[in-house]
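*Asks:* The structure follows.
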Amino acid sequence: MTPAVTAPPKANNDRWLIPLALVSLYLIWGSTYLGISVAVRPGGFASFQLNTLRFIIAGLALFIFLRMRGAPMPSRLQIRNAAIVGVLLVIGGNGLTTLALKLGAPSGISATVIATTTLWAGLWGTLWGNRPRKLEWLGMAVGLLGVGVLTLEGSFQSNPAILIQFVAPMLWALGSILSRHLEMPEGMMASAVEMLAGGVAALPISLLMGERWVMPSLEAWGAFAYLVVVGSLMGYNAYIFLLQKVRPAVATSYAYVNPIVALALGIWLLGETIDSKTFIALPIILAGVGLIALAQNQRSRDAKT
């Protein structure tokens with residue numbers, strides 16, 4: 001998962017880069033679950049230690065890069081708003097996902113649960129008067145049915161830590177919706193401030209939880225470097241490029257592909273075993289997400305006419 005950035009669609013001048021960015025986003029964000037699982041293995045990082053270092057370094061690097069390129073310094077109000085959103089995304093979304101993986105949740109199951117983010121976003125949207133249409137309600141119902149099937153998966157019986165994962169998409173969706181109703185820094189600067197704020201907020205949580213900051217293994221450092229450079233910085237750039245070039249429904253289509261990539265990598269490289277109920281639940285959840293996306297596209301077209 002990554003901090004939300006909103007940008008208006010622009011002219012589609014770089015058509016050949018769009019499929020490249022999409023494939024990159026599918027693979028990059030689908031593989032971050034594997035990267036986190038490796039980074040928090042025994043001998044690796046503690047959960048919120050990883051989030052502290054990952055997002056402070058990535059956020060600071062992006063902030064410095066943008067300032068050197070002449071990006072304006074955000075106002076105090078924009079910084080405050082981005083910090084609130086960043087805590088919800090980084091601590092609530094990424095932090096709880098990292099904690100669940102640290103406690104042994106399978107990476108493929110975690111990615112499948114994260115696919116419910118769109119369902120929660122639809123529910124949170126009602127707080128701002130965005131009443132779902134019938135098709136959106138149907139999508140939410142179908143998606144929640146898939147979640148119900150997923151809870152019957154064997155891992156839930158043997159590893160209750162997976163329940164922590166269910167809270168992550170709820171908070172991620174809340175942060176994403178909230179970012180649309182607050183005055184935020186412009187463009188990529190919003191992501192920079194969000195990552196910095198979330199990384200700073202992760203530090204006291206790590207200390208309060210009594211996490212031991214020991215020197216991680218080389219394998220964990222390798223996973224950490226991948227998460228910072230590829231997962232955060234490269235992933236953000238691909239996502240922001242797509243937001244500028246294509247419709248939001250296309251840019252956010254990673255939600256359909258990431259769970260499949262994460263499941264495949266978890267089975268292939270980590271030797272994870274997946275219950276058959278997961279393969280039943282995943283298409284049901286994705287069908288629900290697809291119905292919501294279809295309804296939102298119809299709402300967008302209606303608003304233009």
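Chain labels follow the order of the structure tokens: the first chain is A, the next B, and so on; residue numbering restarts at 1 in every chain, and ligands are counted from 1 in their shown order.
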What lies within 6 Å of stretch 49-54 of chain A using only C-alpha atoms, ignoring chain neighbours under 2 positions off, as a VMD selection string?
*Replies:* chain A and resid 45 to 47 56 to 57 199 202 to 203 228
*Asks:* Quick one: residues within 9 Å of stretch 162-164 of chain A, only C-alpha atoms counted, chain neighbours fewer than 3 positions away excluded, as an MDAnalysis selection string?
*Replies:* chainID A and resid 96:97 99:101 103:106 109:110 155:156 159 167:168
*Asks:* Between A:Leu20, A:Leu208, A:Leu77, A:Met140, which residue has the minimum interatomic distance to A:Pro185, considering only C-alpha atoms?
*Replies:*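 Looking at the shortest contact to A:Pro185, the residue is A:Leu77.
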*Asks:* Nearest residue to A:Tyr26 out of A:Ala238, A:Leu291, A:Val193, A:Ala220, using only C-alpha atoms?
*Replies:*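 Of the candidates, the smallest distance to A:Tyr26 is held by A:Ala238.
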*Asks:* Do a neighbour search on A:Leu269 at 12 Å with only C-alpha atoms, toss out local chain neighbours closer than 6 positions, and write the hits as a list in words.
*Replies:* Ser31, Tyr33, Leu34, Gly35, Ser37, Val38, Ser107, Gly108, Val261, Ala262 and Leu263 of chain A
*Asks:* Step one, run DSSP on the backbone; step two, keep only residues of stretch 20-145 of chain A assigned to helix (DSSP H, G or I); then write them as an mmCIF file with N, CA and C atoms, in the first residue's frame.
*Replies:*
data_model
loop_
_atom_site.group_PDB
_atom_site.id
_atom_site.type_symbol
_atom_site.label_atom_id
_atom_site.label_comp_id
_atom_site.auth_asym_id
_atom_site.auth_seq_id
_atom_site.Cartn_x
_atom_site.Cartn_y
_atom_site.Cartn_z
ATOM 1 N N LEU A 20 3.507 0.253 -19.670
ATOM 2 C CA LEU A 20 4.708 -0.018 -18.886
ATOM 3 C C LEU A 20 4.494 0.375 -17.425
ATOM 4 N N ALA A 21 3.883 1.545 -17.191
ATOM 5 C CA ALA A 21 3.622 1.996 -15.825
ATOM 6 C C ALA A 21 2.621 1.077 -15.128
ATOM 7 N N LEU A 22 1.603 0.623 -15.870
ATOM 8 C CA LEU A 22 0.612 -0.269 -15.281
ATOM 9 C C LEU A 22 1.235 -1.599 -14.852
ATOM 10 N N VAL A 23 2.009 -2.194 -15.747
ATOM 11 C CA VAL A 23 2.649 -3.464 -15.422
ATOM 12 C C VAL A 23 3.607 -3.287 -14.243
ATOM 13 N N SER A 24 4.347 -2.177 -14.251
ATOM 14 C CA SER A 24 5.270 -1.908 -13.145
ATOM 15 C C SER A 24 4.522 -1.811 -11.825
ATOM 16 N N LEU A 25 3.394 -1.099 -11.842
ATOM 17 C CA LEU A 25 2.616 -0.926 -10.624
ATOM 18 C C LEU A 25 2.037 -2.257 -10.150
ATOM 19 N N TYR A 26 1.553 -3.056 -11.084
ATOM 20 C CA TYR A 26 1.010 -4.362 -10.716
ATOM 21 C C TYR A 26 2.070 -5.219 -10.020
ATOM 22 N N LEU A 27 3.275 -5.251 -10.607
ATOM 23 C CA LEU A 27 4.333 -6.092 -10.060
ATOM 24 C C LEU A 27 4.931 -5.497 -8.792
ATOM 25 N N ILE A 28 5.164 -4.178 -8.795
ATOM 26 C CA ILE A 28 5.817 -3.542 -7.653
ATOM 27 C C ILE A 28 4.954 -3.638 -6.413
ATOM 28 N N TRP A 29 3.720 -3.153 -6.503
ATOM 29 C CA TRP A 29 2.892 -3.147 -5.297
ATOM 30 C C TRP A 29 2.401 -4.542 -4.936
ATOM 31 N N GLY A 30 2.337 -5.440 -5.906
ATOM 32 C CA GLY A 30 2.011 -6.819 -5.580
ATOM 33 C C GLY A 30 3.141 -7.519 -4.859
ATOM 34 N N SER A 31 4.380 -7.073 -5.108
ATOM 35 C CA SER A 31 5.543 -7.718 -4.491
ATOM 36 C C SER A 31 5.928 -7.113 -3.150
ATOM 37 N N THR A 32 5.337 -5.970 -2.773
ATOM 38 C CA THR A 32 5.725 -5.352 -1.499
ATOM 39 C C THR A 32 5.342 -6.220 -0.309
ATOM 40 N N TYR A 33 4.298 -7.020 -0.450
ATOM 41 C CA TYR A 33 3.924 -7.915 0.650
ATOM 42 C C TYR A 33 5.013 -8.951 0.896
ATOM 43 N N LEU A 34 5.583 -9.457 -0.193
ATOM 44 C CA LEU A 34 6.716 -10.368 -0.082
ATOM 45 C C LEU A 34 7.900 -9.642 0.557
ATOM 46 N N GLY A 35 8.174 -8.407 0.117
ATOM 47 C CA GLY A 35 9.284 -7.646 0.670
ATOM 48 C C GLY A 35 9.137 -7.409 2.158
ATOM 49 N N ILE A 36 7.932 -7.052 2.594
ATOM 50 C CA ILE A 36 7.703 -6.837 4.027
ATOM 51 C C ILE A 36 7.882 -8.138 4.797
ATOM 52 N N SER A 37 7.355 -9.243 4.264
ATOM 53 C CA SER A 37 7.483 -10.536 4.934
ATOM 54 C C SER A 37 8.941 -10.904 5.155
ATOM 55 N N VAL A 38 9.783 -10.645 4.148
ATOM 56 C CA VAL A 38 11.212 -10.942 4.273
ATOM 57 C C VAL A 38 11.876 -9.978 5.256
ATOM 58 N N ALA A 39 11.502 -8.706 5.201
ATOM 59 C CA ALA A 39 12.137 -7.700 6.052
ATOM 60 C C ALA A 39 11.868 -7.924 7.534
ATOM 61 N N SER A 47 8.326 -4.479 13.502
ATOM 62 C CA SER A 47 7.258 -3.981 12.632
ATOM 63 C C SER A 47 7.313 -2.473 12.426
ATOM 64 N N PHE A 48 7.205 -1.705 13.520
ATOM 65 C CA PHE A 48 7.150 -0.255 13.384
ATOM 66 C C PHE A 48 8.540 0.358 13.242
ATOM 67 N N GLN A 49 9.576 -0.400 13.560
ATOM 68 C CA GLN A 49 10.927 0.037 13.210
ATOM 69 C C GLN A 49 11.049 0.124 11.696
ATOM 70 N N LEU A 50 10.532 -0.891 10.999
ATOM 71 C CA LEU A 50 10.569 -0.894 9.534
ATOM 72 C C LEU A 50 9.812 0.292 8.981
ATOM 73 N N ASN A 51 8.618 0.557 9.506
ATOM 74 C CA ASN A 51 7.818 1.674 9.001
ATOM 75 C C ASN A 51 8.460 3.017 9.311
ATOM 76 N N THR A 52 9.084 3.140 10.473
ATOM 77 C CA THR A 52 9.771 4.389 10.816
ATOM 78 C C THR A 52 10.859 4.700 9.798
ATOM 79 N N LEU A 53 11.762 3.752 9.596
ATOM 80 C CA LEU A 53 12.898 3.981 8.708
ATOM 81 C C LEU A 53 12.471 4.077 7.253
ATOM 82 N N ARG A 54 11.571 3.201 6.841
ATOM 83 C CA ARG A 54 11.159 3.165 5.432
ATOM 84 C C ARG A 54 10.526 4.479 5.008
ATOM 85 N N PHE A 55 9.598 4.990 5.783
ATOM 86 C CA PHE A 55 8.839 6.145 5.327
ATOM 87 C C PHE A 55 9.532 7.469 5.635
ATOM 88 N N ILE A 56 10.372 7.515 6.663
ATOM 89 C CA ILE A 56 11.148 8.738 6.878
ATOM 90 C C ILE A 56 12.161 8.912 5.750
ATOM 91 N N ILE A 57 12.855 7.830 5.405
ATOM 92 C CA ILE A 57 13.865 7.917 4.343
ATOM 93 C C ILE A 57 13.200 8.218 2.999
ATOM 94 N N ALA A 58 12.143 7.481 2.660
ATOM 95 C CA ALA A 58 11.473 7.699 1.371
ATOM 96 C C ALA A 58 10.837 9.083 1.313
ATOM 97 N N GLY A 59 10.172 9.492 2.402
ATOM 98 C CA GLY A 59 9.529 10.797 2.420
ATOM 99 C C GLY A 59 10.520 11.934 2.348
ATOM 100 N N LEU A 60 11.630 11.813 3.089
ATOM 101 C CA LEU A 60 12.643 12.860 3.084
ATOM 102 C C LEU A 60 13.312 12.959 1.716
ATOM 103 N N ALA A 61 13.612 11.814 1.109
ATOM 104 C CA ALA A 61 14.234 11.822 -0.221
ATOM 105 C C ALA A 61 13.320 12.486 -1.244
ATOM 106 N N LEU A 62 12.033 12.164 -1.203
ATOM 107 C CA LEU A 62 11.092 12.754 -2.139
ATOM 108 C C LEU A 62 10.906 14.246 -1.871
ATOM 109 N N PHE A 63 10.861 14.625 -0.589
ATOM 110 C CA PHE A 63 10.703 16.037 -0.223
ATOM 111 C C PHE A 63 11.876 16.872 -0.727
ATOM 112 N N ILE A 64 13.102 16.384 -0.504
ATOM 113 C CA ILE A 64 14.289 17.111 -0.949
ATOM 114 C C ILE A 64 14.319 17.212 -2.467
ATOM 115 N N PHE A 65 13.981 16.109 -3.150
ATOM 116 C CA PHE A 65 13.966 16.102 -4.613
ATOM 117 C C PHE A 65 12.978 17.142 -5.141
ATOM 118 N N LEU A 66 11.786 17.187 -4.560
ATOM 119 C CA LEU A 66 10.765 18.125 -5.034
ATOM 120 C C LEU A 66 11.157 19.572 -4.764
ATOM 121 N N ARG A 67 11.745 19.830 -3.607
ATOM 122 C CA ARG A 67 12.171 21.192 -3.299
ATOM 123 C C ARG A 67 13.282 21.638 -4.236
ATOM 124 N N MET A 68 14.196 20.724 -4.580
ATOM 125 C CA MET A 68 15.261 21.054 -5.519
ATOM 126 C C MET A 68 14.708 21.322 -6.915
ATOM 127 N N ARG A 76 1.177 25.644 6.591
ATOM 128 C CA ARG A 76 0.994 24.908 7.843
ATOM 129 C C ARG A 76 -0.275 24.071 7.818
ATOM 130 N N LEU A 77 -1.335 24.645 7.251
ATOM 131 C CA LEU A 77 -2.595 23.909 7.168
ATOM 132 C C LEU A 77 -2.440 22.676 6.299
ATOM 133 N N GLN A 78 -1.765 22.815 5.165
ATOM 134 C CA GLN A 78 -1.556 21.678 4.274
ATOM 135 C C GLN A 78 -0.704 20.602 4.934
ATOM 136 N N ILE A 79 0.324 21.025 5.677
ATOM 137 C CA ILE A 79 1.176 20.070 6.378
ATOM 138 C C ILE A 79 0.378 19.322 7.439
ATOM 139 N N ARG A 80 -0.453 20.068 8.195
ATOM 140 C CA ARG A 80 -1.272 19.424 9.228
ATOM 141 C C ARG A 80 -2.216 18.403 8.612
ATOM 142 N N ASN A 81 -2.885 18.789 7.528
ATOM 143 C CA ASN A 81 -3.836 17.878 6.891
ATOM 144 C C ASN A 81 -3.140 16.646 6.320
ATOM 145 N N ALA A 82 -2.005 16.875 5.656
ATOM 146 C CA ALA A 82 -1.259 15.747 5.090
ATOM 147 C C ALA A 82 -0.732 14.831 6.189
ATOM 148 N N ALA A 83 -0.385 15.404 7.346
ATOM 149 C CA ALA A 83 0.096 14.591 8.466
ATOM 150 C C ALA A 83 -1.013 13.691 8.992
ATOM 151 N N ILE A 84 -2.238 14.238 9.096
ATOM 152 C CA ILE A 84 -3.371 13.428 9.552
ATOM 153 C C ILE A 84 -3.608 12.264 8.595
ATOM 154 N N VAL A 85 -3.631 12.579 7.301
ATOM 155 C CA VAL A 85 -3.833 11.531 6.298
ATOM 156 C C VAL A 85 -2.678 10.535 6.332
ATOM 157 N N GLY A 86 -1.446 11.040 6.473
ATOM 158 C CA GLY A 86 -0.281 10.167 6.493
ATOM 159 C C GLY A 86 -0.299 9.180 7.642
ATOM 160 N N VAL A 87 -0.751 9.618 8.806
ATOM 161 C CA VAL A 87 -0.825 8.712 9.953
ATOM 162 C C VAL A 87 -1.848 7.610 9.687
ATOM 163 N N LEU A 88 -2.990 7.971 9.116
ATOM 164 C CA LEU A 88 -4.000 6.961 8.801
ATOM 165 C C LEU A 88 -3.475 5.955 7.774
ATOM 166 N N LEU A 89 -2.758 6.457 6.761
ATOM 167 C CA LEU A 89 -2.264 5.576 5.706
ATOM 168 C C LEU A 89 -1.065 4.753 6.153
ATOM 169 N N VAL A 90 -0.063 5.429 6.709
ATOM 170 C CA VAL A 90 1.189 4.748 7.040
ATOM 171 C C VAL A 90 1.050 3.898 8.300
ATOM 172 N N ILE A 91 0.440 4.457 9.344
ATOM 173 C CA ILE A 91 0.290 3.697 10.586
ATOM 174 C C ILE A 91 -0.873 2.717 10.476
ATOM 175 N N GLY A 92 -2.041 3.234 10.061
ATOM 176 C CA GLY A 92 -3.210 2.375 9.977
ATOM 177 C C GLY A 92 -3.122 1.358 8.858
ATOM 178 N N GLY A 93 -2.705 1.799 7.667
ATOM 179 C CA GLY A 93 -2.641 0.899 6.522
ATOM 180 C C GLY A 93 -1.385 0.048 6.509
ATOM 181 N N ASN A 94 -0.244 0.686 6.249
ATOM 182 C CA ASN A 94 1.019 -0.044 6.160
ATOM 183 C C ASN A 94 1.459 -0.625 7.496
ATOM 184 N N GLY A 95 1.281 0.146 8.572
ATOM 185 C CA GLY A 95 1.760 -0.299 9.883
ATOM 186 C C GLY A 95 1.078 -1.571 10.352
ATOM 187 N N LEU A 96 -0.241 -1.611 10.267
ATOM 188 C CA LEU A 96 -0.960 -2.799 10.709
ATOM 189 C C LEU A 96 -0.710 -3.980 9.776
ATOM 190 N N THR A 97 -0.531 -3.700 8.485
ATOM 191 C CA THR A 97 -0.178 -4.776 7.555
ATOM 192 C C THR A 97 1.179 -5.370 7.920
ATOM 193 N N THR A 98 2.148 -4.495 8.199
ATOM 194 C CA THR A 98 3.477 -4.972 8.594
ATOM 195 C C THR A 98 3.408 -5.778 9.875
ATOM 196 N N LEU A 99 2.617 -5.307 10.848
ATOM 197 C CA LEU A 99 2.478 -6.024 12.115
ATOM 198 C C LEU A 99 1.852 -7.394 11.901
ATOM 199 N N ALA A 100 0.820 -7.456 11.057
ATOM 200 C CA ALA A 100 0.180 -8.746 10.783
ATOM 201 C C ALA A 100 1.159 -9.714 10.126
ATOM 202 N N LEU A 101 1.946 -9.218 9.175
ATOM 203 C CA LEU A 101 2.935 -10.078 8.515
ATOM 204 C C LEU A 101 4.029 -10.497 9.488
ATOM 205 N N LYS A 102 4.421 -9.592 10.377
ATOM 206 C CA LYS A 102 5.422 -9.920 11.390
ATOM 207 C C LYS A 102 4.932 -11.045 12.294
ATOM 208 N N SER A 107 1.428 -13.598 3.295
ATOM 209 C CA SER A 107 1.432 -12.385 2.478
ATOM 210 C C SER A 107 0.296 -12.375 1.461
ATOM 211 N N GLY A 108 -0.033 -13.547 0.893
ATOM 212 C CA GLY A 108 -1.118 -13.608 -0.079
ATOM 213 C C GLY A 108 -2.465 -13.296 0.546
ATOM 214 N N ILE A 109 -2.694 -13.791 1.767
ATOM 215 C CA ILE A 109 -3.944 -13.501 2.466
ATOM 216 C C ILE A 109 -4.024 -12.015 2.779
ATOM 217 N N SER A 110 -2.906 -11.422 3.211
ATOM 218 C CA SER A 110 -2.897 -9.992 3.521
ATOM 219 C C SER A 110 -3.277 -9.177 2.294
ATOM 220 N N ALA A 111 -2.713 -9.513 1.143
ATOM 221 C CA ALA A 111 -3.028 -8.776 -0.081
ATOM 222 C C ALA A 111 -4.487 -8.954 -0.469
ATOM 223 N N THR A 112 -5.043 -10.128 -0.222
ATOM 224 C CA THR A 112 -6.446 -10.368 -0.540
ATOM 225 C C THR A 112 -7.347 -9.505 0.336
ATOM 226 N N VAL A 113 -7.018 -9.398 1.622
ATOM 227 C CA VAL A 113 -7.811 -8.562 2.528
ATOM 228 C C VAL A 113 -7.710 -7.096 2.114
ATOM 229 N N ILE A 114 -6.512 -6.653 1.693
ATOM 230 C CA ILE A 114 -6.319 -5.259 1.284
ATOM 231 C C ILE A 114 -7.199 -4.911 0.083
ATOM 232 N N THR A 117 -10.276 -2.560 0.288
ATOM 233 C CA THR A 117 -10.173 -1.123 0.538
ATOM 234 C C THR A 117 -11.280 -0.341 -0.160
ATOM 235 N N THR A 118 -11.570 -0.702 -1.402
ATOM 236 C CA THR A 118 -12.606 0.007 -2.154
ATOM 237 C C THR A 118 -13.969 -0.123 -1.482
ATOM 238 N N LEU A 119 -14.223 -1.275 -0.882
ATOM 239 C CA LEU A 119 -15.503 -1.469 -0.191
ATOM 240 C C LEU A 119 -15.631 -0.500 0.978
ATOM 241 N N TRP A 120 -14.562 -0.385 1.757
ATOM 242 C CA TRP A 120 -14.594 0.509 2.920
ATOM 243 C C TRP A 120 -14.631 1.968 2.484
ATOM 244 N N ALA A 121 -13.967 2.273 1.368
ATOM 245 C CA ALA A 121 -14.004 3.654 0.872
ATOM 246 C C ALA A 121 -15.435 4.061 0.531
ATOM 247 N N GLY A 122 -16.200 3.126 -0.033
ATOM 248 C CA GLY A 122 -17.586 3.418 -0.341
ATOM 249 C C GLY A 122 -18.407 3.691 0.902
ATOM 250 N N LEU A 123 -18.135 2.939 1.963
ATOM 251 C CA LEU A 123 -18.870 3.145 3.216
ATOM 252 C C LEU A 123 -18.458 4.449 3.887
ATOM 253 N N TRP A 124 -17.159 4.747 3.924
ATOM 254 C CA TRP A 124 -16.698 6.008 4.521
ATOM 255 C C TRP A 124 -17.237 7.203 3.753
ATOM 256 N N GLY A 125 -17.373 7.047 2.446
ATOM 257 C CA GLY A 125 -17.850 8.159 1.626
ATOM 258 C C GLY A 125 -19.234 8.642 2.019
ATOM 259 N N THR A 126 -20.039 7.772 2.642
ATOM 260 C CA THR A 126 -21.383 8.180 3.057
ATOM 261 C C THR A 126 -21.344 9.250 4.139
ATOM 262 N N LEU A 127 -20.235 9.348 4.881
ATOM 263 C CA LEU A 127 -20.124 10.371 5.921
ATOM 264 C C LEU A 127 -20.085 11.770 5.321
ATOM 265 N N TRP A 128 -19.683 11.877 4.051
ATOM 266 C CA TRP A 128 -19.617 13.173 3.378
ATOM 267 C C TRP A 128 -20.778 13.326 2.386
ATOM 268 N N LYS A 134 -27.344 1.868 -6.172
ATOM 269 C CA LYS A 134 -27.715 0.471 -5.955
ATOM 270 C C LYS A 134 -26.602 -0.470 -6.380
ATOM 271 N N LEU A 135 -25.948 -0.140 -7.506
ATOM 272 C CA LEU A 135 -24.872 -1.002 -7.982
ATOM 273 C C LEU A 135 -23.701 -1.002 -7.009
ATOM 274 N N GLU A 136 -23.422 0.142 -6.366
ATOM 275 C CA GLU A 136 -22.353 0.203 -5.372
ATOM 276 C C GLU A 136 -22.708 -0.617 -4.129
ATOM 277 N N TRP A 137 -23.979 -0.511 -3.686
ATOM 278 C CA TRP A 137 -24.410 -1.332 -2.548
ATOM 279 C C TRP A 137 -24.274 -2.814 -2.884
ATOM 280 N N LEU A 138 -24.618 -3.166 -4.123
ATOM 281 C CA LEU A 138 -24.477 -4.562 -4.536
ATOM 282 C C LEU A 138 -23.013 -4.982 -4.506
ATOM 283 N N GLY A 139 -22.129 -4.091 -5.002
ATOM 284 C CA GLY A 139 -20.699 -4.396 -4.976
ATOM 285 C C GLY A 139 -20.180 -4.591 -3.563
ATOM 286 N N MET A 140 -20.619 -3.742 -2.643
ATOM 287 C CA MET A 140 -20.202 -3.880 -1.244
ATOM 288 C C MET A 140 -20.693 -5.202 -0.651
ATOM 289 N N ALA A 141 -21.941 -5.547 -0.965
ATOM 290 C CA ALA A 141 -22.494 -6.796 -0.445
ATOM 291 C C ALA A 141 -21.731 -8.003 -0.983
ATOM 292 N N VAL A 142 -21.432 -7.974 -2.298
ATOM 293 C CA VAL A 142 -20.674 -9.080 -2.901
ATOM 294 C C VAL A 142 -19.275 -9.157 -2.289
ATOM 295 N N GLY A 143 -18.623 -7.982 -2.129
ATOM 296 C CA GLY A 143 -17.283 -7.963 -1.553
ATOM 297 C C GLY A 143 -17.262 -8.487 -0.132
ATOM 298 N N LEU A 144 -18.243 -8.091 0.676
ATOM 299 C CA LEU A 144 -18.305 -8.561 2.058
ATOM 300 C C LEU A 144 -18.617 -10.059 2.122
ATOM 301 N N LEU A 145 -19.369 -10.551 1.136
ATOM 302 C CA LEU A 145 -19.584 -11.997 1.054
ATOM 303 C C LEU A 145 -18.251 -12.710 0.848
#
